[in-house]
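See below for input.cif, which holds mmCIF, C-alpha atoms, pLDDT in the B column; chains and numbers go by the auth columns.
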```cif
data_work
loop_
_atom_site.group_PDB
_atom_site.id
_atom_site.type_symbol
_atom_site.label_atom_id
_atom_site.label_comp_id
_atom_site.label_asym_id
_atom_site.label_seq_id
_atom_site.Cartn_x
_atom_site.Cartn_y
_atom_site.Cartn_z
_atom_site.B_iso_or_equiv
_atom_site.auth_seq_id
_atom_site.auth_asym_id
ATOM 1 C CA MET A 1 116.681 99.041 113.779 47.00 1 A
ATOM 2 C CA VAL A 2 114.083 101.770 113.342 53.00 2 A
ATOM 3 C CA ASP A 3 110.615 101.100 114.742 56.00 3 A
ATOM 4 C CA SER A 4 107.992 100.814 111.982 55.00 4 A
ATOM 5 C CA GLY A 5 105.776 103.159 114.003 59.00 5 A
ATOM 6 C CA GLU A 6 108.435 105.855 113.681 57.00 6 A
ATOM 7 C CA ILE A 7 108.689 105.316 109.933 57.00 7 A
ATOM 8 C CA MET A 8 104.943 105.693 109.539 65.00 8 A
ATOM 9 C CA LYS A 9 105.176 109.162 111.124 75.00 9 A
ATOM 10 C CA GLY A 10 107.849 110.280 108.637 87.00 10 A
ATOM 11 C CA ASP A 11 107.802 111.708 105.138 95.00 11 A
ATOM 12 C CA LYS A 12 106.101 109.741 102.398 96.00 12 A
ATOM 13 C CA LEU A 13 104.964 109.813 98.808 96.00 13 A
ATOM 14 C CA ILE A 14 101.230 109.172 98.453 98.00 14 A
ATOM 15 C CA LEU A 15 99.434 107.641 95.481 98.00 15 A
ATOM 16 C CA ARG A 16 95.659 107.210 95.902 98.00 16 A
ATOM 17 C CA GLY A 17 92.890 105.749 93.793 97.00 17 A
ATOM 18 C CA LEU A 18 94.954 104.118 91.042 98.00 18 A
ATOM 19 C CA ARG A 19 92.600 102.098 88.822 98.00 19 A
ATOM 20 C CA PHE A 20 93.575 99.343 86.428 98.00 20 A
ATOM 21 C CA HIS A 21 91.945 96.410 84.670 97.00 21 A
ATOM 22 C CA GLY A 22 93.543 93.083 85.527 97.00 22 A
ATOM 23 C CA PHE A 23 92.896 89.348 85.447 97.00 23 A
ATOM 24 C CA HIS A 24 93.674 88.324 89.033 96.00 24 A
ATOM 25 C CA GLY A 25 91.575 85.899 91.040 94.00 25 A
ATOM 26 C CA VAL A 26 90.800 82.240 91.514 93.00 26 A
ATOM 27 C CA LYS A 27 87.515 82.114 89.586 92.00 27 A
ATOM 28 C CA PRO A 28 87.593 81.315 85.852 92.00 28 A
ATOM 29 C CA GLU A 29 85.569 84.419 84.951 91.00 29 A
ATOM 30 C CA GLU A 30 88.086 86.623 86.787 91.00 30 A
ATOM 31 C CA ARG A 31 90.836 85.155 84.619 93.00 31 A
ATOM 32 C CA THR A 32 88.931 85.532 81.326 94.00 32 A
ATOM 33 C CA LEU A 33 86.892 88.734 81.736 94.00 33 A
ATOM 34 C CA GLY A 34 89.081 90.518 84.244 94.00 34 A
ATOM 35 C CA GLN A 35 87.931 93.311 86.511 95.00 35 A
ATOM 36 C CA LYS A 36 88.815 96.699 87.940 97.00 36 A
ATOM 37 C CA PHE A 37 91.377 96.912 90.758 98.00 37 A
ATOM 38 C CA LEU A 38 91.901 99.895 93.044 98.00 38 A
ATOM 39 C CA VAL A 39 95.361 100.540 94.492 98.00 39 A
ATOM 40 C CA ASP A 40 96.764 102.966 97.072 98.00 40 A
ATOM 41 C CA VAL A 41 100.486 103.229 97.802 98.00 41 A
ATOM 42 C CA ASP A 42 102.425 105.040 100.516 98.00 42 A
ATOM 43 C CA ALA A 43 106.215 105.072 100.121 96.00 43 A
ATOM 44 C CA TRP A 44 108.246 106.337 103.070 96.00 44 A
ATOM 45 C CA MET A 45 111.455 108.230 102.360 94.00 45 A
ATOM 46 C CA ASP A 46 113.225 111.369 103.530 94.00 46 A
ATOM 47 C CA LEU A 47 111.839 114.257 101.483 96.00 47 A
ATOM 48 C CA ARG A 48 113.871 117.057 103.099 96.00 48 A
ATOM 49 C CA ALA A 49 116.424 117.370 100.281 95.00 49 A
ATOM 50 C CA ALA A 50 113.676 117.648 97.665 95.00 50 A
ATOM 51 C CA GLY A 51 111.809 120.154 99.803 96.00 51 A
ATOM 52 C CA ARG A 52 114.903 122.342 100.059 97.00 52 A
ATOM 53 C CA SER A 53 116.159 121.998 96.485 97.00 53 A
ATOM 54 C CA ASP A 54 112.879 121.804 94.553 97.00 54 A
ATOM 55 C CA CYS A 55 114.631 119.285 92.256 96.00 55 A
ATOM 56 C CA LEU A 56 113.043 116.064 91.025 94.00 56 A
ATOM 57 C CA SER A 57 116.422 114.331 91.249 93.00 57 A
ATOM 58 C CA ASP A 58 116.241 114.649 95.057 93.00 58 A
ATOM 59 C CA THR A 59 113.051 112.602 95.275 93.00 59 A
ATOM 60 C CA ILE A 60 111.290 109.829 93.370 93.00 60 A
ATOM 61 C CA SER A 61 108.781 110.667 90.688 93.00 61 A
ATOM 62 C CA TYR A 62 105.242 109.528 91.422 94.00 62 A
ATOM 63 C CA THR A 63 105.124 108.206 87.876 95.00 63 A
ATOM 64 C CA ASP A 64 107.888 105.680 88.656 94.00 64 A
ATOM 65 C CA ILE A 65 105.741 104.090 91.359 96.00 65 A
ATOM 66 C CA TYR A 66 102.626 104.405 89.191 97.00 66 A
ATOM 67 C CA ARG A 67 104.380 102.420 86.444 97.00 67 A
ATOM 68 C CA ILE A 68 105.276 99.651 88.906 97.00 68 A
ATOM 69 C CA VAL A 69 101.649 99.355 90.031 98.00 69 A
ATOM 70 C CA LYS A 70 100.384 99.407 86.432 98.00 70 A
ATOM 71 C CA ALA A 71 102.856 96.707 85.353 98.00 71 A
ATOM 72 C CA VAL A 72 101.865 94.405 88.217 98.00 72 A
ATOM 73 C CA VAL A 73 98.099 94.889 88.023 98.00 73 A
ATOM 74 C CA GLU A 74 97.948 94.705 84.226 98.00 74 A
ATOM 75 C CA GLY A 75 100.614 91.977 84.135 98.00 75 A
ATOM 76 C CA PRO A 76 100.543 88.214 84.634 97.00 76 A
ATOM 77 C CA PRO A 77 97.529 87.012 86.646 97.00 77 A
ATOM 78 C CA GLN A 78 97.878 86.134 90.316 98.00 78 A
ATOM 79 C CA ASN A 79 95.387 84.062 92.287 97.00 79 A
ATOM 80 C CA LEU A 80 95.393 86.285 95.373 97.00 80 A
ATOM 81 C CA LEU A 81 95.312 90.004 96.060 97.00 81 A
ATOM 82 C CA GLU A 82 97.998 89.280 98.640 98.00 82 A
ATOM 83 C CA SER A 83 100.316 88.271 95.789 98.00 83 A
ATOM 84 C CA VAL A 84 99.472 91.397 93.795 98.00 84 A
ATOM 85 C CA ALA A 85 100.209 93.618 96.788 98.00 85 A
ATOM 86 C CA GLU A 86 103.438 91.749 97.591 98.00 86 A
ATOM 87 C CA LEU A 87 104.707 92.133 94.015 98.00 87 A
ATOM 88 C CA ILE A 88 104.037 95.869 94.076 98.00 88 A
ATOM 89 C CA ALA A 89 105.752 96.279 97.461 97.00 89 A
ATOM 90 C CA SER A 90 108.782 94.107 96.709 96.00 90 A
ATOM 91 C CA THR A 91 109.367 95.686 93.296 95.00 91 A
ATOM 92 C CA THR A 92 109.128 99.169 94.772 95.00 92 A
ATOM 93 C CA LEU A 93 111.579 98.335 97.580 94.00 93 A
ATOM 94 C CA THR A 94 114.131 96.232 95.738 88.00 94 A
ATOM 95 C CA LYS A 95 114.554 96.893 92.068 75.00 95 A
ATOM 96 C CA HIS A 96 113.656 100.510 91.617 63.00 96 A
ATOM 97 C CA HIS A 97 113.962 102.693 94.673 71.00 97 A
ATOM 98 C CA PRO A 98 116.673 102.066 97.271 81.00 98 A
ATOM 99 C CA ARG A 99 115.838 105.386 98.981 89.00 99 A
ATOM 100 C CA ILE A 100 112.398 104.099 99.988 93.00 100 A
ATOM 101 C CA SER A 101 112.546 102.679 103.524 93.00 101 A
ATOM 102 C CA ALA A 102 109.023 101.258 103.710 95.00 102 A
ATOM 103 C CA VAL A 103 105.917 100.871 101.622 96.00 103 A
ATOM 104 C CA ARG A 104 102.247 100.295 102.334 98.00 104 A
ATOM 105 C CA VAL A 105 100.125 98.858 99.521 98.00 105 A
ATOM 106 C CA LYS A 106 96.357 98.522 99.511 98.00 106 A
ATOM 107 C CA VAL A 107 94.687 96.535 96.724 98.00 107 A
ATOM 108 C CA GLY A 108 90.911 96.361 96.405 97.00 108 A
ATOM 109 C CA LYS A 109 88.344 94.685 94.167 94.00 109 A
ATOM 110 C CA PRO A 110 85.166 96.785 93.907 91.00 110 A
ATOM 111 C CA HIS A 111 83.179 94.158 92.001 85.00 111 A
ATOM 112 C CA VAL A 112 83.009 91.023 94.101 81.00 112 A
ATOM 113 C CA ALA A 113 80.375 88.308 94.320 76.00 113 A
ATOM 114 C CA VAL A 114 79.088 88.833 97.863 77.00 114 A
ATOM 115 C CA GLN A 115 75.616 89.278 99.246 80.00 115 A
ATOM 116 C CA GLY A 116 75.141 92.933 100.091 83.00 116 A
ATOM 117 C CA HIS A 117 76.639 96.284 99.158 85.00 117 A
ATOM 118 C CA VAL A 118 80.376 96.921 99.510 85.00 118 A
ATOM 119 C CA ASP A 119 82.649 99.650 98.193 87.00 119 A
ATOM 120 C CA TYR A 120 85.389 97.071 97.738 87.00 120 A
ATOM 121 C CA LEU A 121 87.077 94.121 99.413 93.00 121 A
ATOM 122 C CA GLY A 122 90.850 93.907 99.564 96.00 122 A
ATOM 123 C CA VAL A 123 94.147 93.644 101.385 98.00 123 A
ATOM 124 C CA GLU A 124 96.658 96.057 102.839 98.00 124 A
ATOM 125 C CA ILE A 125 100.292 95.183 103.506 98.00 125 A
ATOM 126 C CA PHE A 126 103.215 97.069 105.023 97.00 126 A
ATOM 127 C CA ARG A 127 106.784 96.165 104.134 96.00 127 A
ATOM 128 C CA HIS A 128 109.907 97.633 105.716 92.00 128 A
ATOM 129 C CA ARG A 129 113.221 97.305 103.934 84.00 129 A
ATOM 130 C CA SER A 130 115.356 95.991 106.835 69.00 130 A
ATOM 131 C CA VAL A 131 112.685 93.721 108.302 48.00 131 A
ATOM 132 C CA ASP A 132 112.151 91.997 104.971 46.00 132 A
ATOM 133 C CA GLY A 133 115.860 91.811 104.211 49.00 133 A
ATOM 134 C CA GLN A 134 115.462 93.933 101.092 47.00 134 A
ATOM 135 C CA SER A 135 118.062 96.484 100.057 44.00 135 A
#
```

Please express the file's structure as structure tokens.
Amino acid sequence: MVDSGEIMKGDKLILRGLRFHGFHGVKPEERTLGQKFLVDVDAWMDLRAAGRSDCLSDTISYTDIYRIVKAVVEGPPQNLLESVAELIASTTLTKHHPRISAVRVKVGKPHVAVQGHVDYLGVEIFRHRSVDGQS
């Protein structure tokens, strides 16, 4: 088994600052009015073939991962950000991209009811294909 620390040093696709309107949360107003969600995704995979060939078929299009994130965030409401992040990670690893060995997903809510100023509050998860039994 490959150490997750080694994977995190390898090649990855990077998607930063994805913004979508969704209806996730436990409060009634979150479910009716919705709010903005910020998402970052790192997807680890070997990018050498794409680097050598300059062919899209040797990598994964950023838009494929973008569509997964959009479908989850704009899709059926979840109570917890943890669930939103898990759906993005598991969909990326299982159904769509078997070449991806690991994924890190960060989901944030910039508009939260807390006393004081915050950029956002959120969660970050890391999922590795073999550790999670996904293939």

Phe37 of chain A environment, 7 Å, only C-alpha atoms, sequence neighbours closer than 6 positions dropped, as a VMD selection string: chain A and resid 19 to 22 107 to 110

Computed gap from atom CA of Ile100 of chain A to atom CA of Gly25 of chain A is 29.1 Å

For a cutoff of 6 Å around the file-coordinate point (108.2, 111.7, 101.4), which residues qualify once you count all atoms listed in the file? I'd like the result as a JSON list (two decimals) with C-alpha atoms, keeping the file's coordinate frame.
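Ended up saving to point-v4.json:
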```json
[["chain", "number", "residue", "atom", "x", "y", "z"],
["A", 11, "ASP", "CA", 107.80, 111.71, 105.14],
["A", 12, "LYS", "CA", 106.10, 109.74, 102.40],
["A", 13, "LEU", "CA", 104.96, 109.81, 98.81],
["A", 44, "TRP", "CA", 108.25, 106.34, 103.07],
["A", 45, "MET", "CA", 111.46, 108.23, 102.36],
["A", 46, "ASP", "CA", 113.22, 111.37, 103.53],
["A", 47, "LEU", "CA", 111.84, 114.26, 101.48]]
```

Pairwise distance, atom CA of Ser57 of chain A with atom CA of Ile125 of chain A, equals 27.9 Å

Given all atoms listed in the file as the basis, pick out the residue of A:Leu18, A:Val112, A:Val26, A:Ile60 nearest to Pro98 of chain A. A:Ile60

Neighbouring residues of His111 of chain A were defined as those with any atom within 12 Å, considering all atoms listed in the file; residues of the same chain fewer than 5 positions away were excluded. Please report them as a list in words. His21, Gly25, Glu30, Gly34, Gln35, Lys36, Phe37, Leu38, Gly116, His117, Val118, Asp119, Tyr120, Leu121 and Gly122 of chain A

Taken to one decimal, the atom CA of Val84 of chain A-atom CA of His97 of chain A distance is 18.4 Å

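The closest residue to Arg104 of chain A, picked from A:Glu82, A:Asp64, A:Glu74, A:Glu124 and counting all atoms listed in the file, is A:Glu124.
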
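The shell of residues at most 10 Å from Ala49 of chain A, with all atoms listed in the file counted and near chain neighbours (fewer than 6 positions) removed, consists of Cys55, Leu56, Ser57, Asp58 and Thr59 of chain A.
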
Find the spatial neighbours of Gln78 of chain A, counting all atoms listed in the file, within a cut-off of 8 Å - ignore same-chain residues fewer than 2 positions away - and output them as JSON, numbers by chain. {"A": [23, 24, 25, 76, 80, 81, 83, 84]}

Can you take segment 51-63 of chain A from the block and write all heavy atoms as a short mmCIF file (atom, residue, chain, number, x, y, z; two decimals), in the first residue's frame?
```cif
data_model
loop_
_atom_site.label_atom_id
_atom_site.label_comp_id
_atom_site.auth_asym_id
_atom_site.auth_seq_id
_atom_site.Cartn_x
_atom_site.Cartn_y
_atom_site.Cartn_z
N GLY A 51 1.74 14.88 -19.98
CA GLY A 51 2.81 15.84 -20.15
C GLY A 51 3.67 15.54 -21.37
O GLY A 51 4.13 16.45 -22.06
N ARG A 52 3.85 14.27 -21.65
CA ARG A 52 4.66 13.86 -22.81
C ARG A 52 3.88 13.96 -24.12
O ARG A 52 4.42 14.37 -25.14
CB ARG A 52 5.17 12.44 -22.62
CG ARG A 52 6.18 12.31 -21.52
CD ARG A 52 6.65 10.87 -21.38
NE ARG A 52 7.49 10.74 -20.20
CZ ARG A 52 7.32 9.83 -19.25
NH1 ARG A 52 6.34 8.94 -19.34
NH2 ARG A 52 8.11 9.80 -18.21
N SER A 53 2.61 13.57 -24.08
CA SER A 53 1.83 13.48 -25.32
C SER A 53 1.11 14.77 -25.70
O SER A 53 0.79 14.97 -26.86
CB SER A 53 0.79 12.37 -25.20
OG SER A 53 -0.24 12.76 -24.30
N ASP A 54 0.80 15.58 -24.70
CA ASP A 54 0.00 16.79 -24.90
C ASP A 54 -1.40 16.46 -25.42
O ASP A 54 -2.01 17.22 -26.15
CB ASP A 54 0.71 17.77 -25.85
CG ASP A 54 0.15 19.18 -25.76
OD1 ASP A 54 -0.35 19.57 -24.68
OD2 ASP A 54 0.18 19.90 -26.78
N CYS A 55 -1.91 15.27 -25.01
CA CYS A 55 -3.24 14.82 -25.44
C CYS A 55 -4.19 14.76 -24.25
O CYS A 55 -3.86 14.17 -23.21
CB CYS A 55 -3.17 13.43 -26.06
SG CYS A 55 -2.32 13.38 -27.64
N LEU A 56 -5.38 15.31 -24.42
CA LEU A 56 -6.39 15.30 -23.36
C LEU A 56 -6.78 13.88 -22.98
O LEU A 56 -7.09 13.62 -21.81
CB LEU A 56 -7.62 16.09 -23.81
CG LEU A 56 -8.75 16.23 -22.80
CD1 LEU A 56 -8.27 16.91 -21.52
CD2 LEU A 56 -9.91 17.00 -23.40
N SER A 57 -6.71 12.95 -23.90
CA SER A 57 -7.09 11.57 -23.61
C SER A 57 -6.14 10.90 -22.61
O SER A 57 -6.48 9.86 -22.05
CB SER A 57 -7.17 10.75 -24.90
OG SER A 57 -5.90 10.71 -25.53
N ASP A 58 -4.98 11.49 -22.37
CA ASP A 58 -4.02 10.93 -21.42
C ASP A 58 -4.17 11.52 -20.02
O ASP A 58 -3.35 11.25 -19.13
CB ASP A 58 -2.58 11.14 -21.91
CG ASP A 58 -2.26 10.23 -23.09
OD1 ASP A 58 -2.81 9.11 -23.14
OD2 ASP A 58 -1.47 10.65 -23.96
N THR A 59 -5.17 12.34 -19.82
CA THR A 59 -5.43 12.93 -18.51
C THR A 59 -6.94 12.94 -18.28
O THR A 59 -7.69 12.25 -18.96
CB THR A 59 -4.82 14.35 -18.42
OG1 THR A 59 -4.91 14.81 -17.06
CG2 THR A 59 -5.47 15.33 -19.36
N ILE A 60 -7.38 13.71 -17.33
CA ILE A 60 -8.80 13.90 -17.07
C ILE A 60 -9.10 15.39 -17.20
O ILE A 60 -8.39 16.22 -16.64
CB ILE A 60 -9.17 13.39 -15.66
CG1 ILE A 60 -8.97 11.88 -15.60
CG2 ILE A 60 -10.59 13.76 -15.29
CD1 ILE A 60 -9.02 11.30 -14.23
N SER A 61 -10.12 15.71 -17.93
CA SER A 61 -10.47 17.10 -18.13
C SER A 61 -10.94 17.72 -16.80
O SER A 61 -11.72 17.11 -16.07
CB SER A 61 -11.59 17.22 -19.17
OG SER A 61 -12.04 18.55 -19.25
N TYR A 62 -10.48 18.92 -16.54
CA TYR A 62 -10.93 19.64 -15.35
C TYR A 62 -12.44 19.77 -15.33
O TYR A 62 -13.07 19.75 -14.28
CB TYR A 62 -10.33 21.05 -15.30
CG TYR A 62 -8.83 21.11 -15.35
CD1 TYR A 62 -8.18 21.53 -16.50
CD2 TYR A 62 -8.08 20.76 -14.24
CE1 TYR A 62 -6.79 21.59 -16.53
CE2 TYR A 62 -6.69 20.81 -14.28
CZ TYR A 62 -6.06 21.23 -15.43
OH TYR A 62 -4.69 21.27 -15.46
N THR A 63 -13.03 19.91 -16.52
CA THR A 63 -14.48 20.10 -16.59
C THR A 63 -15.25 18.87 -16.11
O THR A 63 -16.37 19.01 -15.62
CB THR A 63 -14.93 20.48 -18.01
OG1 THR A 63 -14.56 19.46 -18.92
CG2 THR A 63 -14.32 21.80 -18.45
#
```
